[in-house]
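Chemist: Hey, dropping data30.txt in here, compact mmCIF, C-alpha atoms and all ligand atoms:
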# COMPACT_ATOMS: atom_id res chain seq x y z
CA MET A 128 68.88 97.73 77.26
CA MET A 129 70.38 94.29 76.88
CA LEU A 130 73.51 94.08 79.04
CA LYS A 131 76.41 91.83 78.11
CA GLU A 132 78.65 90.29 80.72
CA ILE A 133 81.25 93.05 80.25
CA ASP A 134 78.67 95.74 81.09
CA PHE A 135 78.36 94.79 84.76
CA PRO A 136 80.32 96.58 87.55
CA ILE A 137 83.70 95.20 88.57
CA SER A 138 85.67 95.69 91.80
CA LEU A 139 89.30 94.85 92.31
CA ASN A 140 91.32 94.36 95.42
CA PHE A 141 94.32 96.70 95.55
CA GLN A 142 97.18 96.31 98.02
CA PRO A 143 99.05 99.61 98.36
CA GLU A 144 102.11 98.12 100.08
CA SER A 145 102.88 95.59 97.37
CA GLY A 146 101.21 97.32 94.42
CA MET A 147 99.25 94.13 93.66
CA ILE A 148 95.77 94.03 92.21
CA GLU A 149 93.53 90.99 92.30
CA PRO A 150 92.39 89.85 89.83
CA CYS A 151 95.31 90.85 87.62
CA PRO A 152 94.99 89.72 84.01
CA GLN A 153 98.23 91.33 82.81
CA VAL A 154 101.66 92.06 84.26
CA THR A 155 104.24 93.83 82.08
CA PRO A 156 107.82 93.84 83.35
CA ARG A 157 110.16 96.53 82.05
CA HIS A 158 113.82 95.63 82.13
CA LEU A 159 116.84 97.82 81.55
CA SER A 160 117.07 96.60 77.93
CA ASP A 161 113.57 98.07 77.34
CA LEU A 162 114.84 101.47 78.55
CA ARG A 163 118.18 101.46 76.71
CA MET A 164 117.34 104.66 74.85
CA MET A 165 115.86 106.43 77.86
CA PHE A 166 118.82 106.59 80.26
CA GLN A 167 121.49 109.13 79.45
CA ASP A 168 124.60 107.15 80.35
CA HIS A 169 124.71 104.50 77.62
CA GLN A 170 128.04 103.15 78.86
CA ALA A 171 126.57 102.53 82.30
CA VAL A 172 123.57 100.81 80.69
CA GLU A 173 125.75 98.46 78.62
CA LYS A 174 127.98 97.67 81.59
CA ILE A 175 125.02 96.59 83.72
CA LEU A 176 123.53 94.64 80.80
CA GLU A 177 126.74 92.58 80.54
CA VAL A 178 125.93 91.23 83.99
CA GLU A 179 122.11 91.30 84.19
CA ASP A 180 119.04 92.73 82.50
CA ARG A 181 117.86 94.52 85.62
CA LEU A 182 114.12 94.72 86.34
CA ILE A 183 113.37 98.46 86.60
CA TYR A 184 109.59 98.38 87.06
CA GLU A 185 106.46 96.31 86.54
CA ILE A 186 102.98 97.37 85.46
CA ARG A 187 99.81 95.55 86.54
CA TYR A 188 96.83 96.29 84.32
CA TYR A 189 93.14 95.85 84.47
CA PRO A 190 91.21 96.89 81.35
CA PHE A 191 87.64 98.01 82.11
CA VAL A 192 86.15 97.48 78.68
CA THR A 193 82.38 97.63 78.30
CA SER A 194 80.16 97.88 75.24
CA HIS A 195 80.45 101.68 75.35
CA SER A 196 83.66 102.57 77.24
CA ASP A 197 87.35 101.68 77.46
CA MET A 198 88.87 102.73 80.78
CA ALA A 199 91.87 101.03 82.34
CA LEU A 200 93.69 100.92 85.64
CA ALA A 201 97.44 100.40 85.76
CA VAL A 202 99.51 100.05 88.92
CA THR A 203 103.23 100.58 88.40
CA LYS A 204 105.89 99.58 90.89
CA ILE A 205 109.32 101.13 90.29
CA PHE A 206 112.18 99.43 92.12
CA PRO A 207 114.80 101.69 93.70
CA GLY A 208 118.14 102.12 91.97
CA ILE A 209 120.43 104.17 89.77
CA ILE A 210 121.79 103.81 86.23
CA GLY A 211 124.95 105.90 86.00
CA HIS A 212 123.76 108.87 88.07
CA GLU A 213 120.16 108.67 86.95
CA TYR A 214 117.38 107.25 89.11
CA HIS A 215 115.17 104.39 87.96
CA MET A 216 112.21 105.76 86.04
CA THR A 217 109.46 104.83 83.62
CA LYS A 218 110.04 105.04 79.86
CA GLY A 219 107.58 107.91 79.71
CA HIS A 220 105.07 108.44 76.96
CA LYS A 221 102.72 110.93 75.36
CA HIS A 222 99.20 109.87 74.45
CA GLU A 223 98.64 109.29 70.76
CA ARG A 224 95.20 110.87 70.94
CA PRO A 225 95.32 114.66 71.53
CA ASP A 226 92.10 114.60 73.61
CA GLN A 227 93.23 112.09 76.22
CA ALA A 228 94.16 113.01 79.78
CA GLU A 229 95.14 110.72 82.66
CA VAL A 230 95.06 110.72 86.46
CA TYR A 231 98.20 109.58 88.33
CA TYR A 232 98.10 108.81 92.05
CA CYS A 233 101.28 108.28 94.09
CA VAL A 234 100.44 105.46 96.49
CA LYS A 235 103.83 104.80 98.06
CA GLY A 236 107.40 106.06 97.88
CA GLU A 237 109.03 109.29 96.81
CA GLY A 238 110.18 110.83 93.59
CA TYR A 239 109.10 113.08 90.77
CA LEU A 240 106.43 113.12 88.13
CA LEU A 241 107.94 114.83 85.08
CA LEU A 242 105.49 116.46 82.68
CA ASP A 243 106.68 117.84 79.37
CA THR A 244 104.87 119.07 76.24
CA LEU A 245 108.15 118.42 74.37
CA GLU A 246 107.49 121.83 72.86
CA GLY A 247 108.82 124.09 75.61
CA ASP A 248 106.63 123.62 78.67
CA PHE A 249 107.84 121.49 81.56
CA ARG A 250 106.78 120.71 85.13
CA ALA A 251 108.46 118.56 87.79
CA ILE A 252 106.01 117.59 90.51
CA GLN A 253 107.55 116.38 93.73
CA TRP A 254 105.79 113.17 94.53
CA ASN A 255 105.11 111.29 97.71
CA ALA A 256 102.27 109.09 98.96
CA GLY A 257 98.91 110.80 98.61
CA VAL A 258 99.66 113.18 95.74
CA VAL A 259 97.17 112.92 92.89
CA THR A 260 98.01 114.66 89.60
CA HIS A 261 95.87 115.31 86.56
CA ILE A 262 97.90 114.98 83.38
CA PRO A 263 96.27 117.07 80.66
CA PRO A 264 96.33 115.89 77.05
CA MET A 265 99.56 116.36 75.10
CA TRP A 266 101.87 116.33 78.12
CA ALA A 267 104.41 113.50 78.07
CA HIS A 268 104.66 111.87 81.51
CA ARG A 269 107.42 109.99 83.32
CA VAL A 270 107.76 108.92 86.96
CA VAL A 271 111.17 108.83 88.69
CA ASN A 272 111.83 106.90 91.91
CA THR A 273 114.35 108.85 94.02
CA GLY A 274 113.76 106.87 97.23
CA ASN A 275 115.42 103.85 98.80
CA ASP A 276 112.18 101.86 98.63
CA VAL A 277 109.75 101.02 95.84
CA LEU A 278 107.54 103.73 94.37
CA VAL A 279 104.00 102.57 93.64
CA PHE A 280 101.60 104.66 91.57
CA MET A 281 98.24 104.19 89.94
CA GLY A 282 97.23 105.50 86.53
CA ILE A 283 93.64 105.74 85.28
CA PHE A 284 93.15 106.37 81.58
CA HIS A 285 91.31 105.36 78.44
CA LEU A 286 92.84 102.41 76.60
CA SER A 287 92.22 104.20 73.31
CA ALA A 288 94.55 107.06 74.46
CA GLY A 289 97.53 105.13 73.02
CA HIS A 290 101.18 105.30 74.09
CA ASP A 291 103.68 107.23 71.96
CA TYR A 292 107.17 106.25 73.15
CA ASP A 293 109.04 107.19 69.99
CA ILE A 294 108.51 110.91 70.45
CA VAL A 295 109.91 110.67 73.99
CA ALA A 296 112.90 108.61 72.83
CA SER A 297 113.69 111.05 70.02
CA LYS A 298 113.03 114.40 71.74
CA GLY A 299 113.74 113.52 75.38
CA PHE A 300 112.38 115.26 78.48
CA SER A 301 113.74 118.75 79.22
CA TYR A 302 115.13 117.64 82.59
CA ARG A 303 116.58 114.48 84.06
CA VAL A 304 116.66 113.54 87.74
CA ILE A 305 120.13 112.51 88.86
CA SER A 306 121.74 111.70 92.18
CA VAL A 307 124.29 114.26 93.42
CA ASP A 308 125.90 113.39 96.77
CA GLY A 309 123.04 110.98 97.34
CA LYS A 310 120.37 113.65 96.79
CA PRO A 311 118.06 114.08 93.81
CA LYS A 312 118.80 117.00 91.51
CA LEU A 313 117.00 118.15 88.38
CA VAL A 314 119.35 118.88 85.51
CA GLU A 315 118.38 120.52 82.26
CA GLN A 316 119.30 118.60 79.19
CA PHE A 317 119.99 119.61 75.65
CA ARG A 318 117.18 118.52 73.37
CA ASN A 319 117.82 116.36 70.36
CA LYS A 320 116.65 118.46 67.42
C1 LIG B 1 100.96 104.15 84.16
C2 LIG B 1 100.08 104.28 82.94
C3 LIG B 1 100.37 103.17 81.97
C4 LIG B 1 101.85 103.11 81.70
C5 LIG B 1 102.64 102.94 82.99
C6 LIG B 1 104.16 102.91 82.81
O1 LIG B 1 100.57 103.08 84.95
O2 LIG B 1 100.34 105.52 82.32
O3 LIG B 1 99.64 103.39 80.79
O4 LIG B 1 102.14 102.07 80.78
O5 LIG B 1 102.32 104.04 83.81
O6 LIG B 1 104.64 103.98 82.07
P1 LIG B 1 105.32 103.78 80.63
O7 LIG B 1 104.22 103.23 79.74
O8 LIG B 1 105.73 105.16 80.26
O9 LIG B 1 106.42 102.82 80.77
ZN ZN B 2 99.61 107.91 79.95
What's the structure tokens form of this structure?
Modeler:
Amino acid sequence: MMLKEIDFPISLNFQPESGMIEPCPQVTPRHLSDLRMMFQDHQAVEKILEVEDRLIYEIRYYPFVTSHSDMALAVTKIFPGIIGHEYHMTKGHKHERPDQAEVYYCVKGEGYLLLDTLEGDFRAIQWNAGVVTHIPPMWAHRVVNTGNDVLVFMGIFHLSAGHDYDIVASKGFSYRVISVDGKPKLVEQFRNK
């Protein structure tokens, strides 16, 4: 078999404390304006946006594309903070392809991994460093940072899985994680029909 350059093994250097990978061909910052539709308290969002477009999290990607495969590694670093009463979190997405799972690994910090079929089934997994979770196909996934420090997690998936954000924005997760007296609490939310 004739190997192309992309068909040879690759190793990265990953730093768990900072969430950096080296080499890192792509960094995607997500600011509050990117999550406008995701946080519940729209007034709180707009008030913060008048002052600054706060950086909520950043994603560092490495695509492992070969002639016959399309895996990717993404390291996400969620900064600590609250919007209204709701903790900083990822937008959350469902894979476009119905046969695509993902593995999430909590490297640092504390929070929740929210998993939702958006059709009635829901799980909230309490997350701290060392927890590895398999996300089966068709479960929307969102990570919430409830700690005072950054939350770093790694996701391993196929690039062809695709990210569906619209379904999450329109239906919403069944529960939100809010701060009550400084402690995280899961609250059920009414679904947009
Ligand atoms: C993980 C992976 C990425 C994803 C990122 C942030 O690292 O699932 O594919 O982009 O988390 O999540 P979101 O895309 O929901 O903002
Ligand atoms: Zn995913």
Chemist: What is the distance between CA of His261 in chain A and atom O2 of ligand LIG 1 (chain B), in Å to one decimal?
Modeler: 11.6 Å
Chemist: Pull the closest atom pair for each residue of chain A that gets at most 8 Å from ligand LIG 1 (chain B), along with the distance in Å to one decimal, counting all atoms listed in the file, ordering rows by chain and then ascending residue number, as JSON lines.
Modeler:
{"residue": "A:Arg157", "atom": "CA", "partner": "B:LIG1", "partner_atom": "O9", "distance": 7.4}
{"residue": "A:Glu185", "atom": "CA", "partner": "B:LIG1", "partner_atom": "C6", "distance": 7.9}
{"residue": "A:Ile186", "atom": "CA", "partner": "B:LIG1", "partner_atom": "C5", "distance": 6.1}
{"residue": "A:Arg187", "atom": "CA", "partner": "B:LIG1", "partner_atom": "O1", "distance": 7.7}
{"residue": "A:Tyr188", "atom": "CA", "partner": "B:LIG1", "partner_atom": "O1", "distance": 7.8}
{"residue": "A:Leu200", "atom": "CA", "partner": "B:LIG1", "partner_atom": "O1", "distance": 7.2}
{"residue": "A:Ala201", "atom": "CA", "partner": "B:LIG1", "partner_atom": "O1", "distance": 4.2}
{"residue": "A:Val202", "atom": "CA", "partner": "B:LIG1", "partner_atom": "O1", "distance": 5.1}
{"residue": "A:Thr203", "atom": "CA", "partner": "B:LIG1", "partner_atom": "O1", "distance": 5.0}
{"residue": "A:Thr217", "atom": "CA", "partner": "B:LIG1", "partner_atom": "O9", "distance": 4.6}
{"residue": "A:Lys218", "atom": "CA", "partner": "B:LIG1", "partner_atom": "O8", "distance": 4.3}
{"residue": "A:Gly219", "atom": "CA", "partner": "B:LIG1", "partner_atom": "O8", "distance": 3.4}
{"residue": "A:His220", "atom": "CA", "partner": "B:LIG1", "partner_atom": "O8", "distance": 4.7}
{"residue": "A:Glu229", "atom": "CA", "partner": "B:LIG1", "partner_atom": "O2", "distance": 7.4}
{"residue": "A:Tyr231", "atom": "CA", "partner": "B:LIG1", "partner_atom": "C1", "distance": 7.4}
{"residue": "A:His268", "atom": "CA", "partner": "B:LIG1", "partner_atom": "O8", "distance": 6.9}
{"residue": "A:Arg269", "atom": "CA", "partner": "B:LIG1", "partner_atom": "O8", "distance": 6.0}
{"residue": "A:Val270", "atom": "CA", "partner": "B:LIG1", "partner_atom": "O6", "distance": 7.6}
{"residue": "A:Phe280", "atom": "CA", "partner": "B:LIG1", "partner_atom": "O1", "distance": 6.9}
{"residue": "A:Met281", "atom": "CA", "partner": "B:LIG1", "partner_atom": "O1", "distance": 5.6}
{"residue": "A:Gly282", "atom": "CA", "partner": "B:LIG1", "partner_atom": "O1", "distance": 4.4}
{"residue": "A:Ile283", "atom": "CA", "partner": "B:LIG1", "partner_atom": "C2", "distance": 7.0}
{"residue": "A:Phe284", "atom": "CA", "partner": "B:LIG1", "partner_atom": "O3", "distance": 7.2}
{"residue": "A:His290", "atom": "CA", "partner": "B:LIG1", "partner_atom": "O7", "distance": 6.7}
{"residue": "A:Tyr292", "atom": "CA", "partner": "B:LIG1", "partner_atom": "O8", "distance": 7.3}
Chemist: Kindly export the residues of the current selection with C-alpha atoms, as an mmCIF file, keeping the file's coordinate frame.
Modeler:
data_model
loop_
_atom_site.group_PDB
_atom_site.id
_atom_site.type_symbol
_atom_site.label_atom_id
_atom_site.label_comp_id
_atom_site.auth_asym_id
_atom_site.auth_seq_id
_atom_site.Cartn_x
_atom_site.Cartn_y
_atom_site.Cartn_z
ATOM 1 C CA ARG A 157 110.160 96.530 82.050
ATOM 2 C CA GLU A 185 106.460 96.310 86.540
ATOM 3 C CA ILE A 186 102.980 97.370 85.460
ATOM 4 C CA ARG A 187 99.810 95.550 86.540
ATOM 5 C CA TYR A 188 96.830 96.290 84.320
ATOM 6 C CA LEU A 200 93.690 100.920 85.640
ATOM 7 C CA ALA A 201 97.440 100.400 85.760
ATOM 8 C CA VAL A 202 99.510 100.050 88.920
ATOM 9 C CA THR A 203 103.230 100.580 88.400
ATOM 10 C CA THR A 217 109.460 104.830 83.620
ATOM 11 C CA LYS A 218 110.040 105.040 79.860
ATOM 12 C CA GLY A 219 107.580 107.910 79.710
ATOM 13 C CA HIS A 220 105.070 108.440 76.960
ATOM 14 C CA GLU A 229 95.140 110.720 82.660
ATOM 15 C CA TYR A 231 98.200 109.580 88.330
ATOM 16 C CA HIS A 268 104.660 111.870 81.510
ATOM 17 C CA ARG A 269 107.420 109.990 83.320
ATOM 18 C CA VAL A 270 107.760 108.920 86.960
ATOM 19 C CA PHE A 280 101.600 104.660 91.570
ATOM 20 C CA MET A 281 98.240 104.190 89.940
ATOM 21 C CA GLY A 282 97.230 105.500 86.530
ATOM 22 C CA ILE A 283 93.640 105.740 85.280
ATOM 23 C CA PHE A 284 93.150 106.370 81.580
ATOM 24 C CA HIS A 290 101.180 105.300 74.090
ATOM 25 C CA TYR A 292 107.170 106.250 73.150
#
Chemist: Which residues are near Val271 in chain A? Cut-off 8 Å, all atoms listed in the file, ignore same chain within fewer than 5 positions. Put them as a PDB file with C-alpha atoms, in the frame of the given file.
Modeler:
ATOM      1  CA  TYR A 214     117.380 107.250  89.110  1.00  0.00           C
ATOM      2  CA  HIS A 215     115.170 104.390  87.960  1.00  0.00           C
ATOM      3  CA  MET A 216     112.210 105.760  86.040  1.00  0.00           C
ATOM      4  CA  THR A 217     109.460 104.830  83.620  1.00  0.00           C
ATOM      5  CA  GLY A 238     110.180 110.830  93.590  1.00  0.00           C
ATOM      6  CA  TYR A 239     109.100 113.080  90.770  1.00  0.00           C
ATOM      7  CA  LEU A 240     106.430 113.120  88.130  1.00  0.00           C
ATOM      8  CA  LEU A 241     107.940 114.830  85.080  1.00  0.00           C
ATOM      9  CA  VAL A 304     116.660 113.540  87.740  1.00  0.00           C
TER      10      VAL A 304
END
Chemist: Near Arg224 in chain A, within 9 Å and counting all atoms listed in the file, which residues show up once chain neighbours fewer than 6 positions away are dropped, as number ranges by chain?
Modeler: A: 264-265, 287-290
Chemist: To one decimal place, how far is CA of Glu144 in chain A from CA of Ile205 in chain A in Å?
Modeler: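 CA of Glu144 in chain A sits 12.5 Å away from CA of Ile205 in chain A.
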Chemist: Around (106.5, 107.0, 68.7) in the file's frame, which residues reach within 10 Å when counting only C-alpha atoms? Return as a VMD selection string?
Modeler: chain A and resid 220 to 223 290 to 297
Chemist: Could you pull the residues within 10 Å of Tyr189 in chain A, counting all atoms listed in the file, minus those fewer than 4 positions along the same chain, as a ChimeraX atom specification?
Modeler: /A:139,148-154,198-202,283
Chemist: Kindly indicate which residue among A:Pro156, A:Pro143, A:Pro225, A:Gly309 lies nearest to Glu213 in chain A, using all atoms listed in the file for the distances.
Modeler: A:Gly309
Chemist: Find the residue from A:Phe300, A:Ser194, A:Arg250, A:Val279 that sits nearest to Gln142 in chain A; use only C-alpha atoms when measuring.
Modeler: A:Val279
Chemist: Point out the residue among A:His285, A:His195, A:Lys131, A:Lys235 with the least atom-to-atom distance to ligand ZN 2 (chain B), counting only C-alpha atoms and all ligand atoms.
Modeler: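 Under the stated criterion, the closest residue is A:His285.
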